[in-house]
Amino acid sequence: MNVELTELTRRFGRTQAVTGVTLEAGPGVFGLLGPNGAGKTSLLRMMATVLPPTSGTLRLLGRDPGGYGPRREIRRRLGYLPQNLGYYPGFTVVDFVEYFALLKDMPPGQVPGAVATAIEQVGLGDRARAKLRTLSGGMLRRVGIAQAIVNQPELLLLDEPTAGLDPEQRVAFRTLLREFGQRATVIVSTHLVEDVAAACSEVTLMDAGRMVFHGTPDELIARGQGHGIGDAPLERGYSAVLAAARS
Amino acid sequence: MIGDDDRFGGYQDTGPAPGDVDLDRVWLGVAAQVWRREPGPAERAAGRLLHSPGLARALVTTPSLLLGWVIATVVILLAGVGFTLGTGTPWVALLAPAVAAAGIAYAYGPGIDPAWELSQSMAVSDRMVLLVRALAVFGLNAALGLAASAASGAAAEVTFGWLVPMTAVCALALAAATVTRSPNVGVAAGSAGWVIAILASQAAEGRFTAAITDSFFVLPYLAFAVCCGAVVWYATRIPRGTS
């Protein structure tokens, strides 16, 4: 298993952001759904080793990220796209992706090829030399995705990756996700249930810091049968599970 | 080459061209060469010394992150002016690096650095990157100070009394951190080096006992140090997520 979470909890002062989440994930694409404030971003940050858990155990890629050495090894094999990814406006696309490839400790000789591959994979080859300040929001999101995949990660964590992408780009992005999911664990936090339906083999639904559902998209759809709220079957399942969790 | 209408998955979807020439692979090889940025001599040397091309890149890119550099520069110059004017008690000298550290941590922490959270998930420690940035800011300012010293005696005082010694302290801290692979050890080594230098100079001037026993300013300075610590803590805190 690439991800093993046991009773994972995170508090911020008096606020309980994540409460007792237990989850295992191997290769595949996993969707993380939930309303605002559900704890998705905090959970993703813990898996990205950015945020230490308050309690519970966390093992990533077979290692405990609590120690310096294992954490460094995890980070070499990790790709992370934060929800609010900042950019250095004076950097070009190549500069930005290359900078983070080097901070991921990639062998310098492999960096130019890996950067070119990642930039082409997100369709930004024609803007490779453009300064980030000149790019649109959707293009910047794709730059963020490029830095996340540049090291061919075994664990890829994406927080709202399709925000700002147009429909054509989202379709292509889902293809990329499915390809990565064949050999890596891809965890995607999103508000868009159609992304989950199209790309994810499993889905976890969170509410108020707790995991309230874990299963396949079809199982989530089944939960929504007979439930009226939502335009699509998956949306009905989503709202049915949330309603049951809150009742 | 990938066309404008091909998006993320575009290049994988196209198969090999006639004659078994994989044009996509060829293009990626060409792109890698065309887009490749050759590091300069300073970056190559830093990469060898630091055993990390990532840290070397962080070192040379620090001044280009302009807003952070300007903020850090203003803070360390104010600390330096305070240090050079605050003669007579060692507390100013001992606490001045804390002011500079707080300024650099804020300028290149989440307060200003837009990619801070991403940096925290990298294999190269974000604290090592901060140490590198401290050396870059002091080093560049020392170079500018040396140039300004030719025209101004006040600039020479700040440069040789503060910027150059602190550049050496930052280099010592980074060297210790690189050797031990621990930024905390680096900070401890740099701090110890600075404290020893200050107290030794006080002792050489026969003011060591007075420097230690003069308690009039101890509480204000300690309060000031706590404020600096609070800034460092705030600048490197982990904010809560939004979803």
# chains A, B, ... in the order shown; residues from 1 in each chain; ligands from 1
>>> interface_residues(of="chain A", to="chain B", cutoff="7 Å", atoms="only C-alpha atoms", output="NGL selection string")
:A and (12 or 35-42 or 48-50 or 72 or 75-76 or 82 or 85-88 or 94 or 99 or 102-105 or 112-113 or 116-117 or 121-123 or 169 or 172-173 or 175-176)
>>> residues_around(residues="region 2-4 of chain A", least_positions_apart="2", cutoff="7 Å", atoms="only C-alpha atoms", output="number ranges by chain")
A: 6, 23-26, 58-62, 185
>>> closest_atom_pairs(of="region 36-147 of chain B", to="region 151-168 of chain B", cutoff="9 Å", atoms="only C-alpha atoms", output="JSON lines")
{"residue": "B:Ile76", "atom": "CA", "partner": "B:Leu163", "partner_atom": "CA", "distance": 8.5}
{"residue": "B:Leu77", "atom": "CA", "partner": "B:Val158", "partner_atom": "CA", "distance": 8.0}
{"residue": "B:Ala79", "atom": "CA", "partner": "B:Trp162", "partner_atom": "CA", "distance": 8.8}
{"residue": "B:Gly80", "atom": "CA", "partner": "B:Trp162", "partner_atom": "CA", "distance": 5.6}
{"residue": "B:Val81", "atom": "CA", "partner": "B:Val158", "partner_atom": "CA", "distance": 6.4}
{"residue": "B:Phe83", "atom": "CA", "partner": "B:Trp162", "partner_atom": "CA", "distance": 7.4}
{"residue": "B:Thr84", "atom": "CA", "partner": "B:Val158", "partner_atom": "CA", "distance": 6.4}
{"residue": "B:Pro97", "atom": "CA", "partner": "B:Met166", "partner_atom": "CA", "distance": 7.9}
{"residue": "B:Ala134", "atom": "CA", "partner": "B:Thr167", "partner_atom": "CA", "distance": 8.4}
{"residue": "B:Leu135", "atom": "CA", "partner": "B:Thr167", "partner_atom": "CA", "distance": 6.1}
{"residue": "B:Ala136", "atom": "CA", "partner": "B:Thr167", "partner_atom": "CA", "distance": 8.4}
{"residue": "B:Val137", "atom": "CA", "partner": "B:Thr167", "partner_atom": "CA", "distance": 8.6}
{"residue": "B:Phe138", "atom": "CA", "partner": "B:Thr167", "partner_atom": "CA", "distance": 5.2}
{"residue": "B:Gly139", "atom": "CA", "partner": "B:Thr167", "partner_atom": "CA", "distance": 5.5}
{"residue": "B:Asn141", "atom": "CA", "partner": "B:Leu163", "partner_atom": "CA", "distance": 6.9}
{"residue": "B:Ala142", "atom": "CA", "partner": "B:Leu163", "partner_atom": "CA", "distance": 5.1}
{"residue": "B:Ala143", "atom": "CA", "partner": "B:Val164", "partner_atom": "CA", "distance": 8.5}
{"residue": "B:Leu144", "atom": "CA", "partner": "B:Thr159", "partner_atom": "CA", "distance": 8.8}
{"residue": "B:Gly145", "atom": "CA", "partner": "B:Thr159", "partner_atom": "CA", "distance": 5.2}
{"residue": "B:Leu146", "atom": "CA", "partner": "B:Thr159", "partner_atom": "CA", "distance": 6.4}
{"residue": "B:Ala147", "atom": "CA", "partner": "B:Ala151", "partner_atom": "CA", "distance": 7.8}
>>> residues_around(residues="region 197-204 of chain A", least_positions_apart="4", cutoff="12 Å", atoms="only C-alpha atoms", output="count of residues only")
60
>>> atom_distance(atom1="CA of Ala150 (chain B)", atom2="CA of Pro90 (chain B)")
28.2 Å
>>> atom_distance(atom1="CA of Ala128 (chain A)", atom2="CA of Thr92 (chain A)")
6.9 Å
>>> select_by_dssp(residues="region 54-104 of chain A", states="strand (DSSP E)", output="VMD selection string")
chain A and resid 55 to 60 78 to 81
>>> residues_around(residues="Thr9 (chain A)", least_positions_apart="2", cutoff="6 Å", atoms="only C-alpha atoms", output="list in words")
Val18, Thr19, Gly20, Pro53, Thr54 and Ser55 of chain A
>>> closest_residue(among="A:Gln83, A:Thr15, A:Ser239, A:Ser136", to="Pro161 (chain A)", atoms="only C-alpha atoms")
A:Gln83
>>> residues_around(residues="Gly90 (chain A)", least_positions_apart="3", cutoff="7 Å", atoms="only C-alpha atoms", output="VMD selection string")
chain A and resid 131 to 133
>>> write_last_selection(atoms="C-alpha atoms", output="tab-separated table (two decimals), in the first residue's frame")
chain	number	residue	atom	x	y	z
A	131	LYS	CA	7.07	34.32	-17.99
A	132	LEU	CA	4.51	33.07	-15.52
A	133	ARG	CA	3.09	36.57	-15.12
>>> select_by_dssp(residues="region 70-132 of chain B", states="alpha helix (DSSP H)", output="compact mmCIF listing (two decimals) with C-alpha atoms, in the first residue's frame")
# COMPACT_ATOMS: atom_id res chain seq x y z
CA VAL B 70 13.88 44.16 -0.75
CA ILE B 71 12.05 43.42 2.52
CA ALA B 72 14.88 41.28 3.87
CA THR B 73 17.44 43.92 2.84
CA VAL B 74 15.59 46.72 4.62
CA VAL B 75 15.31 44.67 7.81
CA ILE B 76 18.96 43.61 7.90
CA LEU B 77 20.17 47.13 7.11
CA LEU B 78 18.07 48.51 9.97
CA ALA B 79 19.47 45.81 12.24
CA GLY B 80 22.97 46.67 11.04
CA VAL B 81 22.51 50.37 11.68
CA GLY B 82 21.20 49.56 15.18
CA PHE B 83 24.17 47.27 15.72
CA THR B 84 26.77 49.80 14.65
CA LEU B 85 25.16 52.65 16.60
CA PRO B 90 26.70 43.66 23.78
CA TRP B 91 22.98 42.96 23.83
CA VAL B 92 22.33 44.95 20.68
CA ALA B 93 25.08 43.03 18.92
CA LEU B 94 23.83 39.70 20.21
CA LEU B 95 20.23 40.34 19.23
CA ALA B 96 20.80 42.02 15.86
CA PRO B 97 21.07 38.66 14.00
CA ALA B 98 17.70 37.67 15.49
CA VAL B 99 16.16 40.75 13.86
CA ALA B 100 17.78 39.86 10.55
CA ALA B 101 16.64 36.23 10.83
CA ALA B 102 13.08 37.32 11.55
CA GLY B 103 13.12 39.61 8.53
CA ILE B 104 14.50 36.94 6.20
CA ALA B 105 12.09 34.30 7.55
CA TYR B 106 9.20 36.65 6.92
CA ALA B 107 10.40 37.79 3.50
CA TRP B 116 6.14 28.42 0.28
CA GLU B 117 3.68 25.57 0.82
CA LEU B 118 4.97 23.78 -2.25
CA SER B 119 8.54 24.28 -1.05
CA GLN B 120 7.63 22.57 2.20
CA ASP B 126 12.73 24.38 3.32
CA ARG B 127 14.91 25.38 6.28
CA MET B 128 18.03 24.67 4.24
CA VAL B 129 16.57 26.85 1.52
CA LEU B 130 16.02 29.60 4.10
CA LEU B 131 19.66 29.33 5.21
CA VAL B 132 20.74 29.61 1.59
>>> residues_around(residues="Val150 (chain A)", least_positions_apart="3", cutoff="9 Å", atoms="only C-alpha atoms", output="mmCIF file with C-alpha atoms, in the first residue's frame")
data_model
loop_
_atom_site.group_PDB
_atom_site.id
_atom_site.type_symbol
_atom_site.label_atom_id
_atom_site.label_comp_id
_atom_site.auth_asym_id
_atom_site.auth_seq_id
_atom_site.Cartn_x
_atom_site.Cartn_y
_atom_site.Cartn_z
ATOM 1 C CA GLY A 79 4.052 15.064 -6.455
ATOM 2 C CA VAL A 97 9.297 23.348 -13.288
ATOM 3 C CA GLU A 98 13.078 22.925 -13.328
ATOM 4 C CA PHE A 100 11.087 22.292 -8.257
ATOM 5 C CA ALA A 101 12.567 19.296 -10.065
ATOM 6 C CA VAL A 111 16.137 17.179 -15.161
ATOM 7 C CA ALA A 114 11.919 15.352 -17.335
ATOM 8 C CA VAL A 115 11.046 19.061 -17.516
ATOM 9 C CA ALA A 116 10.424 18.875 -21.258
ATOM 10 C CA THR A 117 8.251 15.783 -20.825
ATOM 11 C CA ALA A 118 6.173 17.314 -18.022
ATOM 12 C CA ILE A 119 5.638 20.570 -19.912
ATOM 13 C CA ILE A 145 0.460 20.111 -12.521
ATOM 14 C CA ALA A 146 3.702 19.961 -14.523
ATOM 15 C CA GLN A 147 5.841 20.538 -11.429
ATOM 16 C CA PRO A 153 5.819 10.460 -8.656
#
>>> residues_around(residues="Ala240 (chain A)", least_positions_apart="5", cutoff="9 Å", atoms="only C-alpha atoms", output="VMD selection string")
chain A and resid 220 223 to 225 227 to 229 235 245
>>> atom_distance(atom1="CA of Val169 (chain B)", atom2="CA of Gly190 (chain B)")
5.2 Å
>>> closest_residue(among="B:Val226, B:Ile112, B:Ala171, B:Val179", to="Leu67 (chain B)", atoms="only C-alpha atoms")
B:Ile112
